[in-house]
Amino acid sequence: MGVAAVVLAGGSGTRVGADRNKVLLTLGDEPVLRHSVRTATLVSDVRVVVVVVRPGDAPDLDGDWPVPVETAPGGETRHASEWSALQHLRPRVETGEVDVVAIHDAARPLASVSLWDAVVDAAREHGGALPARPAVGLLRREHGPPLDELVTVQTPQAFRAGPLLEAYAAAQRDGFTGTDTAACVAAYSDLRLRAVPGEATNLKVTWPDDLPLAERLLRPGR
């Protein structure tokens, strides 16, 4: 049994101020996407990496990767892109070749191998896992939950493959669209979700200042 890593690369560059998909922008000496793919290929037990890309995008995924790197077409929504990846992986899930699927935003290029390993290990033990960090910079609304109970959720998120595929198939029948993988799993499965400590450096490239910050984190001495 092994892990399938899904890297979602179907976004745009609108908010970051680019004229193309933000994961094709350069970070260091290569596109953001390649950083995310490289880390995914190095995760323990990973058998395949599936990169979900928008029609019309042609990312450079050539390289001497330690595991196969394949592509699947992106959808109109994040949920649709996840479903596309799971359909691509269905044969390997049904034969038992893949027992855990980990799904990651390509726009988080600095997630570490150890974070991937932590969510995969927790998913195998509990059913599903996601990285979480304490929420900061928020104002509490009247009658809202205490701020010390709020967290921000990151990726990669990992889940047992069989129940994950079943959950997305049920969601497809119902026309359900989740905001992230965990939302669909919570709605359509009995998997227990476990939070693991996220990483302060696991930023998501979303706004114009994020790429220079990622560059400094990638090359701290410069």
# chains A, B, ... in the order shown; residues from 1 in each chain; ligands from 1
>>> select_by_dssp(residues="segment 33-81 of chain A", states="strand (DSSP E or B)", output="list in words")
Val46, Arg47, Val48, Val49, Val50, Val51, Val52, Val53, Val69, Glu70, Thr71, Ala72 and Pro73 of chain A
>>> write_last_selection(atoms="N, CA, C and O atoms", output="mmCIF file, in the first residue's frame")
data_model
loop_
_atom_site.group_PDB
_atom_site.id
_atom_site.type_symbol
_atom_site.label_atom_id
_atom_site.label_comp_id
_atom_site.auth_asym_id
_atom_site.auth_seq_id
_atom_site.Cartn_x
_atom_site.Cartn_y
_atom_site.Cartn_z
ATOM 1 N N VAL A 46 5.101 7.626 -0.845
ATOM 2 C CA VAL A 46 4.416 8.164 -2.024
ATOM 3 C C VAL A 46 4.763 7.302 -3.234
ATOM 4 O O VAL A 46 5.930 7.031 -3.518
ATOM 5 N N ARG A 47 3.699 6.877 -3.938
ATOM 6 C CA ARG A 47 3.866 6.063 -5.134
ATOM 7 C C ARG A 47 3.667 6.865 -6.412
ATOM 8 O O ARG A 47 4.208 6.513 -7.460
ATOM 9 N N VAL A 48 2.867 7.933 -6.344
ATOM 10 C CA VAL A 48 2.566 8.734 -7.513
ATOM 11 C C VAL A 48 2.159 10.128 -7.062
ATOM 12 O O VAL A 48 1.579 10.306 -5.980
ATOM 13 N N VAL A 49 2.496 11.126 -7.873
ATOM 14 C CA VAL A 49 2.043 12.495 -7.659
ATOM 15 C C VAL A 49 1.153 12.872 -8.840
ATOM 16 O O VAL A 49 1.562 12.716 -9.997
ATOM 17 N N VAL A 50 -0.052 13.346 -8.547
ATOM 18 C CA VAL A 50 -0.982 13.773 -9.586
ATOM 19 C C VAL A 50 -1.126 15.286 -9.498
ATOM 20 O O VAL A 50 -1.571 15.817 -8.472
ATOM 21 N N VAL A 51 -0.739 15.972 -10.559
ATOM 22 C CA VAL A 51 -0.847 17.426 -10.619
ATOM 23 C C VAL A 51 -2.109 17.776 -11.399
ATOM 24 O O VAL A 51 -2.275 17.356 -12.546
ATOM 25 N N VAL A 52 -3.013 18.514 -10.762
ATOM 26 C CA VAL A 52 -4.266 18.911 -11.406
ATOM 27 C C VAL A 52 -4.076 20.304 -11.986
ATOM 28 O O VAL A 52 -3.803 21.262 -11.255
ATOM 29 N N VAL A 53 -4.198 20.409 -13.324
ATOM 30 C CA VAL A 53 -3.902 21.667 -14.012
ATOM 31 C C VAL A 53 -5.099 22.127 -14.834
ATOM 32 O O VAL A 53 -5.913 21.324 -15.290
ATOM 33 N N VAL A 69 5.162 11.375 -11.959
ATOM 34 C CA VAL A 69 4.386 12.605 -11.839
ATOM 35 C C VAL A 69 3.429 12.647 -13.021
ATOM 36 O O VAL A 69 3.859 12.682 -14.181
ATOM 37 N N GLU A 70 2.125 12.607 -12.723
ATOM 38 C CA GLU A 70 1.094 12.546 -13.749
ATOM 39 C C GLU A 70 0.210 13.781 -13.651
ATOM 40 O O GLU A 70 0.292 14.540 -12.678
ATOM 41 N N THR A 71 -0.637 13.983 -14.648
ATOM 42 C CA THR A 71 -1.526 15.141 -14.627
ATOM 43 C C THR A 71 -2.969 14.696 -14.787
ATOM 44 O O THR A 71 -3.266 13.639 -15.350
ATOM 45 N N ALA A 72 -3.879 15.534 -14.261
ATOM 46 C CA ALA A 72 -5.322 15.356 -14.429
ATOM 47 C C ALA A 72 -5.904 16.733 -14.704
ATOM 48 O O ALA A 72 -5.367 17.749 -14.242
ATOM 49 N N PRO A 73 -6.997 16.808 -15.466
ATOM 50 C CA PRO A 73 -7.566 18.119 -15.808
ATOM 51 C C PRO A 73 -8.251 18.778 -14.626
ATOM 52 O O PRO A 73 -8.969 18.125 -13.860
#
>>> closest_residue(among="A:Leu165, A:Val67, A:Val119, A:Leu217", to="Glu94 of chain A", atoms="only C-alpha atoms")
A:Leu165
>>> closest_atom_pairs(of="segment 89-143 of chain A", to="segment 178-190 of chain A", cutoff="12 Å", atoms="only C-alpha atoms", output="tab-separated table")
residue	atom	partner	partner_atom	distance
A:Val101	CA	A:Thr181	CA	10.6
A:Ala102	CA	A:Thr181	CA	9.7
A:Ile103	CA	A:Thr181	CA	7.6
A:His104	CA	A:Thr181	CA	9.6
A:Asp105	CA	A:Asp180	CA	10.3
A:Ala123	CA	A:Ala182	CA	11.8
A:His126	CA	A:Asp190	CA	10.8
A:Gly127	CA	A:Asp190	CA	8.7
A:Gly128	CA	A:Ala182	CA	8.1
A:Ala129	CA	A:Ala182	CA	8.5
A:Leu130	CA	A:Ala182	CA	8.0
A:Pro131	CA	A:Ala182	CA	11.1
>>> residues_around(residues="segment 198-209 of chain A", least_positions_apart="5", cutoff="12 Å", atoms="only C-alpha atoms", output="tab-separated table (two decimals) with all heavy atoms, in the first residue's frame")
chain	number	residue	atom	x	y	z
A	9	ALA	N	-3.19	22.63	-8.90
A	9	ALA	CA	-2.51	23.74	-9.56
A	9	ALA	C	-3.44	24.45	-10.54
A	9	ALA	O	-3.00	24.94	-11.58
A	9	ALA	CB	-1.27	23.23	-10.28
A	11	GLY	N	-5.36	27.20	-10.04
A	11	GLY	CA	-5.75	28.57	-9.68
A	11	GLY	C	-5.42	29.57	-10.76
A	11	GLY	O	-5.03	29.24	-11.88
A	12	SER	N	-5.56	30.85	-10.39
A	12	SER	CA	-5.25	31.95	-11.32
A	12	SER	C	-4.25	32.87	-10.67
A	12	SER	O	-3.78	32.62	-9.56
A	12	SER	CB	-6.53	32.72	-11.67
A	12	SER	OG	-7.02	33.41	-10.54
A	13	GLY	N	-3.92	33.97	-11.34
A	13	GLY	CA	-2.96	34.93	-10.79
A	13	GLY	C	-3.60	36.25	-10.46
A	13	GLY	O	-2.89	37.24	-10.24
A	14	THR	N	-4.93	36.30	-10.39
A	14	THR	CA	-5.64	37.58	-10.26
A	14	THR	C	-5.25	38.33	-8.99
A	14	THR	O	-4.82	39.49	-9.03
A	14	THR	CB	-7.16	37.35	-10.27
A	14	THR	OG1	-7.50	36.64	-11.46
A	14	THR	CG2	-7.89	38.69	-10.23
A	15	ARG	N	-5.39	37.68	-7.84
A	15	ARG	CA	-5.15	38.39	-6.58
A	15	ARG	C	-3.68	38.69	-6.35
A	15	ARG	O	-3.34	39.66	-5.66
A	15	ARG	CB	-5.73	37.59	-5.41
A	15	ARG	CG	-7.25	37.67	-5.32
A	15	ARG	CD	-7.78	36.95	-4.12
A	15	ARG	NE	-7.62	35.51	-4.23
A	15	ARG	CZ	-7.97	34.64	-3.28
A	15	ARG	NH1	-8.49	35.07	-2.13
A	15	ARG	NH2	-7.82	33.34	-3.46
A	16	VAL	N	-2.81	37.85	-6.89
A	16	VAL	CA	-1.38	38.11	-6.71
A	16	VAL	C	-0.88	39.15	-7.71
A	16	VAL	O	0.29	39.57	-7.66
A	16	VAL	CB	-0.59	36.78	-6.84
A	16	VAL	CG1	-0.36	36.41	-8.29
A	16	VAL	CG2	0.73	36.85	-6.08
A	17	GLY	N	-1.75	39.58	-8.63
A	17	GLY	CA	-1.39	40.63	-9.58
A	17	GLY	C	-0.64	40.14	-10.79
A	17	GLY	O	0.08	40.91	-11.44
A	18	ALA	N	-0.80	38.85	-11.13
A	18	ALA	CA	-0.09	38.28	-12.27
A	18	ALA	C	-1.04	38.06	-13.44
A	18	ALA	O	-2.25	38.00	-13.27
A	18	ALA	CB	0.56	36.96	-11.86
A	21	ASN	N	-1.39	31.89	-14.26
A	21	ASN	CA	-1.55	31.06	-13.08
A	21	ASN	C	-0.40	31.33	-12.10
A	21	ASN	O	0.78	31.22	-12.47
A	21	ASN	CB	-1.54	29.58	-13.51
A	21	ASN	CG	-1.93	28.64	-12.39
A	21	ASN	OD1	-1.74	28.91	-11.22
A	21	ASN	ND2	-2.47	27.50	-12.77
A	22	LYS	N	-0.74	31.65	-10.85
A	22	LYS	CA	0.29	32.06	-9.89
A	22	LYS	C	1.31	30.97	-9.60
A	22	LYS	O	2.47	31.25	-9.26
A	22	LYS	CB	-0.36	32.51	-8.59
A	22	LYS	CG	-1.18	31.45	-7.88
A	22	LYS	CD	-1.98	32.03	-6.74
A	22	LYS	CE	-2.88	31.01	-6.09
A	22	LYS	NZ	-3.74	31.62	-5.05
A	23	VAL	N	0.92	29.69	-9.76
A	23	VAL	CA	1.89	28.63	-9.46
A	23	VAL	C	2.91	28.46	-10.57
A	23	VAL	O	3.86	27.69	-10.42
A	23	VAL	CB	1.19	27.29	-9.16
A	23	VAL	CG1	0.24	27.44	-7.99
A	23	VAL	CG2	0.49	26.73	-10.38
A	24	LEU	N	2.74	29.20	-11.67
A	24	LEU	CA	3.74	29.20	-12.74
A	24	LEU	C	4.71	30.37	-12.59
A	24	LEU	O	5.65	30.49	-13.38
A	24	LEU	CB	3.06	29.25	-14.10
A	24	LEU	CG	2.08	28.11	-14.40
A	24	LEU	CD1	1.50	28.23	-15.80
A	24	LEU	CD2	2.74	26.75	-14.21
A	25	LEU	N	4.49	31.23	-11.58
A	25	LEU	CA	5.43	32.31	-11.31
A	25	LEU	C	6.71	31.74	-10.72
A	25	LEU	O	6.72	30.67	-10.10
A	25	LEU	CB	4.81	33.32	-10.34
A	25	LEU	CG	3.54	34.02	-10.83
A	25	LEU	CD1	2.95	34.87	-9.70
A	25	LEU	CD2	3.82	34.87	-12.05
A	26	THR	N	7.80	32.47	-10.88
A	26	THR	CA	9.11	31.98	-10.44
A	26	THR	C	9.35	32.25	-8.96
A	26	THR	O	9.13	33.35	-8.47
A	26	THR	CB	10.23	32.63	-11.26
A	26	THR	OG1	10.04	32.31	-12.64
A	26	THR	CG2	11.60	32.13	-10.82
A	27	LEU	N	9.78	31.22	-8.27
A	27	LEU	CA	10.20	31.31	-6.88
A	27	LEU	C	11.60	30.70	-6.81
A	27	LEU	O	11.77	29.51	-7.10
A	27	LEU	CB	9.24	30.55	-5.96
A	27	LEU	CG	9.66	30.42	-4.50
A	27	LEU	CD1	9.77	31.79	-3.83
A	27	LEU	CD2	8.68	29.52	-3.74
A	32	VAL	N	6.79	28.12	-8.83
A	32	VAL	CA	6.21	27.72	-7.53
A	32	VAL	C	5.78	26.26	-7.57
A	32	VAL	O	6.02	25.49	-6.63
A	32	VAL	CB	5.01	28.64	-7.20
A	32	VAL	CG1	4.21	28.09	-6.03
A	32	VAL	CG2	5.48	30.07	-6.91
A	33	LEU	N	5.12	25.87	-8.65
A	33	LEU	CA	4.59	24.52	-8.77
A	33	LEU	C	5.65	23.45	-8.59
A	33	LEU	O	5.43	22.44	-7.92
A	33	LEU	CB	3.90	24.35	-10.13
A	33	LEU	CG	3.39	22.95	-10.49
A	33	LEU	CD1	2.39	22.47	-9.46
A	33	LEU	CD2	2.79	22.95	-11.89
A	36	SER	N	6.43	22.61	-4.99
A	36	SER	CA	5.42	21.78	-4.35
A	36	SER	C	5.49	20.34	-4.83
A	36	SER	O	5.37	19.40	-4.04
A	36	SER	CB	4.02	22.36	-4.62
A	36	SER	OG	3.88	23.62	-4.00
A	104	HIS	N	-2.91	18.74	-1.70
A	104	HIS	CA	-2.14	19.92	-1.34
A	104	HIS	C	-2.34	21.03	-2.36
A	104	HIS	O	-2.47	20.78	-3.56
A	104	HIS	CB	-0.65	19.56	-1.27
A	104	HIS	CG	0.25	20.66	-0.82
A	104	HIS	ND1	0.09	21.32	0.39
A	104	HIS	CD2	1.33	21.24	-1.41
A	104	HIS	CE1	1.03	22.24	0.51
A	104	HIS	NE2	1.79	22.22	-0.56
A	105	ASP	N	-2.36	22.28	-1.88
A	105	ASP	CA	-2.40	23.44	-2.76
A	105	ASP	C	-1.00	23.70	-3.30
A	105	ASP	O	-0.06	23.93	-2.52
A	105	ASP	CB	-2.86	24.68	-2.00
A	105	ASP	CG	-4.31	24.61	-1.61
A	105	ASP	OD1	-5.10	24.00	-2.34
A	105	ASP	OD2	-4.68	25.18	-0.56
A	106	ALA	N	-0.86	23.73	-4.62
A	106	ALA	CA	0.45	24.03	-5.21
A	106	ALA	C	0.94	25.39	-4.79
A	106	ALA	O	2.15	25.64	-4.77
A	106	ALA	CB	0.35	23.95	-6.73
A	107	ALA	N	0.03	26.29	-4.43
A	107	ALA	CA	0.41	27.65	-4.03
A	107	ALA	C	1.00	27.71	-2.63
A	107	ALA	O	1.30	28.79	-2.12
A	107	ALA	CB	-0.80	28.58	-4.11
A	108	ARG	N	1.17	26.55	-1.98
A	108	ARG	CA	1.90	26.47	-0.70
A	108	ARG	C	3.23	25.75	-0.96
A	108	ARG	O	3.39	24.57	-0.60
A	108	ARG	CB	1.08	25.73	0.35
A	108	ARG	CG	-0.16	26.48	0.82
A	108	ARG	CD	-0.84	25.73	1.96
A	108	ARG	NE	-2.04	26.38	2.43
A	108	ARG	CZ	-2.10	27.32	3.37
A	108	ARG	NH1	-0.97	27.74	3.94
A	108	ARG	NH2	-3.24	27.85	3.73
A	109	PRO	N	4.20	26.42	-1.55
A	109	PRO	CA	5.42	25.74	-2.00
A	109	PRO	C	6.41	25.41	-0.90
A	109	PRO	O	7.40	24.71	-1.16
A	109	PRO	CB	6.04	26.76	-2.96
A	109	PRO	CG	5.59	28.09	-2.43
A	109	PRO	CD	4.20	27.86	-1.93
A	110	LEU	N	6.18	25.92	0.33
A	110	LEU	CA	7.18	25.73	1.38
A	110	LEU	C	6.77	24.69	2.43
A	110	LEU	O	7.47	24.54	3.44
A	110	LEU	CB	7.46	27.08	2.08
A	110	LEU	CG	7.94	28.20	1.15
A	110	LEU	CD1	8.22	29.47	1.95
A	110	LEU	CD2	9.18	27.79	0.36
A	111	ALA	N	5.67	24.00	2.21
A	111	ALA	CA	5.31	22.91	3.13
A	111	ALA	C	6.44	21.89	3.15
A	111	ALA	O	6.98	21.52	2.11
A	111	ALA	CB	4.01	22.26	2.69
A	112	SER	N	6.79	21.42	4.33
A	112	SER	CA	7.94	20.53	4.45
A	112	SER	C	7.55	19.07	4.26
A	112	SER	O	6.38	18.69	4.42
A	112	SER	CB	8.58	20.70	5.84
A	112	SER	OG	7.72	20.19	6.84
A	113	VAL	N	8.54	18.25	3.97
A	113	VAL	CA	8.31	16.81	3.89
A	113	VAL	C	7.81	16.28	5.23
A	113	VAL	O	6.93	15.41	5.28
A	113	VAL	CB	9.60	16.07	3.46
A	113	VAL	CG1	9.43	14.57	3.57
A	113	VAL	CG2	10.00	16.46	2.04
A	114	SER	N	8.34	16.81	6.32
A	114	SER	CA	7.92	16.33	7.64
A	114	SER	C	6.45	16.64	7.91
A	114	SER	O	5.76	15.86	8.57
A	114	SER	CB	8.80	16.92	8.74
A	114	SER	OG	8.71	18.33	8.77
A	115	LEU	N	5.94	17.75	7.39
A	115	LEU	CA	4.52	18.05	7.55
A	115	LEU	C	3.68	17.06	6.75
A	115	LEU	O	2.67	16.55	7.24
A	115	LEU	CB	4.23	19.48	7.11
A	115	LEU	CG	2.76	19.93	7.24
A	115	LEU	CD1	2.30	19.86	8.70
A	115	LEU	CD2	2.57	21.33	6.68
A	116	TRP	N	4.08	16.80	5.51
A	116	TRP	CA	3.40	15.78	4.71
A	116	TRP	C	3.39	14.44	5.45
A	116	TRP	O	2.35	13.78	5.55
A	116	TRP	CB	4.10	15.59	3.37
A	116	TRP	CG	3.82	16.59	2.31
A	116	TRP	CD1	4.39	17.81	2.15
A	116	TRP	CD2	2.91	16.43	1.20
A	116	TRP	NE1	3.90	18.42	1.02
A	116	TRP	CE2	3.01	17.60	0.42
A	116	TRP	CE3	2.06	15.41	0.80
A	116	TRP	CZ2	2.25	17.77	-0.74
A	116	TRP	CZ3	1.31	15.58	-0.36
A	116	TRP	CH2	1.40	16.75	-1.11
A	118	ALA	N	3.62	13.85	8.58
A	118	ALA	CA	2.79	13.90	9.79
A	118	ALA	C	1.31	13.71	9.47
A	118	ALA	O	0.60	12.98	10.17
A	118	ALA	CB	3.01	15.23	10.51
A	119	VAL	N	0.83	14.37	8.40
A	119	VAL	CA	-0.60	14.22	8.07
A	119	VAL	C	-0.88	12.82	7.51
A	119	VAL	O	-1.95	12.25	7.79
A	119	VAL	CB	-1.10	15.32	7.11
A	119	VAL	CG1	-1.04	16.69	7.77
A	119	VAL	CG2	-0.37	15.31	5.79
A	129	ALA	N	-6.49	13.75	8.36
A	129	ALA	CA	-5.67	14.69	9.11
A	129	ALA	C	-5.43	15.95	8.30
A	129	ALA	O	-5.39	15.91	7.07
A	129	ALA	CB	-4.32	14.06	9.50
A	130	LEU	N	-5.28	17.05	9.02
A	130	LEU	CA	-4.99	18.34	8.38
A	130	LEU	C	-4.12	19.17	9.30
A	130	LEU	O	-4.18	19.04	10.52
A	130	LEU	CB	-6.28	19.07	8.01
A	130	LEU	CG	-7.39	19.16	9.06
A	130	LEU	CD1	-7.12	20.27	10.06
A	130	LEU	CD2	-8.73	19.39	8.37
A	131	PRO	N	-3.29	20.04	8.74
A	131	PRO	CA	-2.46	20.92	9.57
A	131	PRO	C	-3.28	22.13	10.02
A	131	PRO	O	-4.07	22.69	9.25
A	131	PRO	CB	-1.34	21.37	8.62
A	131	PRO	CG	-1.53	20.60	7.34
A	131	PRO	CD	-2.95	20.18	7.31
A	132	ALA	N	-3.08	22.53	11.27
A	132	ALA	CA	-3.80	23.69	11.81
A	132	ALA	C	-2.85	24.56	12.61
A	132	ALA	O	-1.93	24.07	13.26
A	132	ALA	CB	-4.97	23.23	12.69
A	133	ARG	N	-3.11	25.86	12.54
A	133	ARG	CA	-2.34	26.85	13.29
A	133	ARG	C	-3.30	27.74	14.06
A	133	ARG	O	-4.42	28.01	13.59
A	133	ARG	CB	-1.52	27.73	12.33
A	133	ARG	CG	-0.45	27.00	11.58
A	133	ARG	CD	0.85	26.97	12.31
A	133	ARG	NE	1.32	28.32	12.61
A	133	ARG	CZ	2.31	28.59	13.46
A	133	ARG	NH1	2.92	27.62	14.10
A	133	ARG	NH2	2.69	29.83	13.68
A	134	PRO	N	-2.90	28.25	15.23
A	134	PRO	CA	-3.77	29.20	15.96
A	134	PRO	C	-4.08	30.41	15.09
A	134	PRO	O	-3.20	30.96	14.41
A	134	PRO	CB	-2.93	29.58	17.18
A	134	PRO	CG	-1.95	28.47	17.35
A	134	PRO	CD	-1.65	27.97	15.96
A	135	ALA	N	-5.33	30.82	15.09
A	135	ALA	CA	-5.74	32.00	14.32
A	135	ALA	C	-5.28	33.26	15.05
A	135	ALA	O	-5.45	33.39	16.26
A	135	ALA	CB	-7.25	32.02	14.15
A	136	VAL	N	-4.70	34.18	14.31
A	136	VAL	CA	-4.26	35.45	14.89
A	136	VAL	C	-4.82	36.59	14.06
A	136	VAL	O	-5.21	36.42	12.90
A	136	VAL	CB	-2.72	35.55	14.95
A	136	VAL	CG1	-2.15	34.48	15.86
A	136	VAL	CG2	-2.12	35.42	13.54
A	151	VAL	N	-8.75	28.21	14.74
A	151	VAL	CA	-7.52	27.85	14.06
A	151	VAL	C	-7.65	28.16	12.57
A	151	VAL	O	-8.74	28.30	12.04
A	151	VAL	CB	-7.18	26.35	14.23
A	151	VAL	CG1	-6.94	26.01	15.69
A	151	VAL	CG2	-8.28	25.47	13.64
A	152	THR	N	-6.51	28.30	11.92
A	152	THR	CA	-6.49	28.36	10.46
A	152	THR	C	-5.99	27.01	9.94
A	152	THR	O	-5.10	26.40	10.54
A	152	THR	CB	-5.57	29.48	9.95
A	152	THR	OG1	-4.24	29.27	10.46
A	152	THR	CG2	-6.07	30.85	10.43
A	153	VAL	N	-6.58	26.56	8.87
A	153	VAL	CA	-6.28	25.24	8.32
A	153	VAL	C	-5.40	25.38	7.10
A	153	VAL	O	-5.59	26.27	6.27
A	153	VAL	CB	-7.59	24.51	7.98
A	153	VAL	CG1	-7.30	23.20	7.26
A	153	VAL	CG2	-8.39	24.23	9.25
A	154	GLN	N	-4.42	24.50	6.98
A	154	GLN	CA	-3.49	24.49	5.86
A	154	GLN	C	-3.66	23.21	5.05
A	154	GLN	O	-4.54	22.38	5.32
A	154	GLN	CB	-2.04	24.59	6.38
A	154	GLN	CG	-1.74	25.79	7.24
A	154	GLN	CD	-0.32	25.75	7.81
A	154	GLN	OE1	0.35	24.72	7.84
A	154	GLN	NE2	0.15	26.90	8.27
A	155	THR	N	-2.85	23.06	4.05
A	155	THR	CA	-2.67	21.79	3.35
A	155	THR	C	-1.19	21.44	3.43
A	155	THR	O	-0.37	22.32	3.71
A	155	THR	CB	-3.11	21.88	1.87
A	155	THR	OG1	-2.24	22.76	1.16
A	155	THR	CG2	-4.55	22.32	1.75
A	156	PRO	N	-0.85	20.16	3.26
A	156	PRO	CA	-1.63	19.05	2.74
A	156	PRO	C	-2.63	18.48	3.76
A	156	PRO	O	-2.38	18.53	4.96
A	156	PRO	CB	-0.57	17.99	2.40
A	156	PRO	CG	0.55	18.28	3.37
A	156	PRO	CD	0.57	19.78	3.50
A	157	GLN	N	-3.74	17.98	3.24
A	157	GLN	CA	-4.72	17.25	4.03
A	157	GLN	C	-4.73	15.82	3.52
A	157	GLN	O	-4.72	15.59	2.31
A	157	GLN	CB	-6.11	17.88	3.88
A	157	GLN	CG	-6.15	19.34	4.35
A	157	GLN	CD	-7.52	19.98	4.18
A	157	GLN	OE1	-8.50	19.33	3.81
A	157	GLN	NE2	-7.60	21.27	4.44
A	214	ALA	N	7.90	34.51	0.39
A	214	ALA	CA	8.29	33.12	0.17
A	214	ALA	C	9.74	33.02	-0.29
A	214	ALA	O	10.47	32.10	0.10
A	214	ALA	CB	7.35	32.49	-0.86
A	215	GLU	N	10.16	33.99	-1.09
A	215	GLU	CA	11.56	34.01	-1.55
A	215	GLU	C	12.51	34.16	-0.37
A	215	GLU	O	13.55	33.48	-0.30
A	215	GLU	CB	11.75	35.16	-2.53
A	215	GLU	CG	13.13	35.25	-3.14
A	215	GLU	CD	13.34	34.27	-4.27
A	215	GLU	OE1	12.39	34.00	-5.01
A	215	GLU	OE2	14.48	33.78	-4.38
A	216	ARG	N	12.17	35.05	0.56
A	216	ARG	CA	13.03	35.24	1.74
A	216	ARG	C	13.05	33.99	2.62
A	216	ARG	O	14.09	33.64	3.20
A	216	ARG	CB	12.57	36.46	2.53
A	216	ARG	CG	12.79	37.78	1.81
A	216	ARG	CD	12.66	38.95	2.75
A	216	ARG	NE	11.31	39.10	3.26
A	216	ARG	CZ	10.35	39.79	2.65
A	216	ARG	NH1	10.57	40.37	1.48
A	216	ARG	NH2	9.16	39.87	3.19
A	217	LEU	N	11.91	33.33	2.75
A	217	LEU	CA	11.86	32.11	3.55
A	217	LEU	C	12.62	30.97	2.87
A	217	LEU	O	13.22	30.14	3.54
A	217	LEU	CB	10.40	31.68	3.78
A	217	LEU	CG	9.59	32.62	4.67
A	217	LEU	CD1	8.11	32.24	4.64
A	217	LEU	CD2	10.11	32.58	6.12
A	218	LEU	N	12.59	30.95	1.54
A	218	LEU	CA	13.30	29.92	0.80
A	218	LEU	C	14.80	30.11	0.89
A	218	LEU	O	15.56	29.14	0.99
A	218	LEU	CB	12.85	29.95	-0.67
A	218	LEU	CG	13.46	28.91	-1.60
A	218	LEU	CD1	13.01	27.51	-1.23
A	218	LEU	CD2	13.08	29.21	-3.05
A	220	PRO	N	16.86	32.18	3.32
A	220	PRO	CA	16.90	33.07	4.48
A	220	PRO	C	18.13	33.94	4.59
A	220	PRO	O	18.10	34.99	5.23
A	220	PRO	CB	16.79	32.10	5.67
A	220	PRO	CG	17.25	30.79	5.12
A	220	PRO	CD	16.82	30.77	3.70
>>> atom_distance(atom1="atom CA of Pro59 of chain A", atom2="atom CA of Ala80 of chain A")
19.7 Å
>>> decode(residues="segment 158-171 of chain A", atoms="C-alpha atoms", output="PDB file, in the first residue's frame")
ATOM      1  CA  ALA A 158      -4.586  13.440   4.030  1.00  0.00           C
ATOM      2  CA  PHE A 159      -7.313  10.783   4.182  1.00  0.00           C
ATOM      3  CA  ARG A 160      -7.817   7.056   3.878  1.00  0.00           C
ATOM      4  CA  ALA A 161      -8.277   6.558   0.176  1.00  0.00           C
ATOM      5  CA  GLY A 162     -11.325   4.285   0.014  1.00  0.00           C
ATOM      6  CA  PRO A 163     -13.642   6.375   2.201  1.00  0.00           C
ATOM      7  CA  LEU A 164     -12.382   9.553   0.514  1.00  0.00           C
ATOM      8  CA  LEU A 165     -13.304   8.233  -2.934  1.00  0.00           C
ATOM      9  CA  GLU A 166     -16.716   7.088  -1.656  1.00  0.00           C
ATOM     10  CA  ALA A 167     -17.362  10.498  -0.089  1.00  0.00           C
ATOM     11  CA  TYR A 168     -16.624  12.340  -3.332  1.00  0.00           C
ATOM     12  CA  ALA A 169     -18.737   9.921  -5.352  1.00  0.00           C
ATOM     13  CA  ALA A 170     -21.677  10.569  -2.999  1.00  0.00           C
ATOM     14  CA  ALA A 171     -21.079  14.314  -3.188  1.00  0.00           C
TER      15      ALA A 171
END
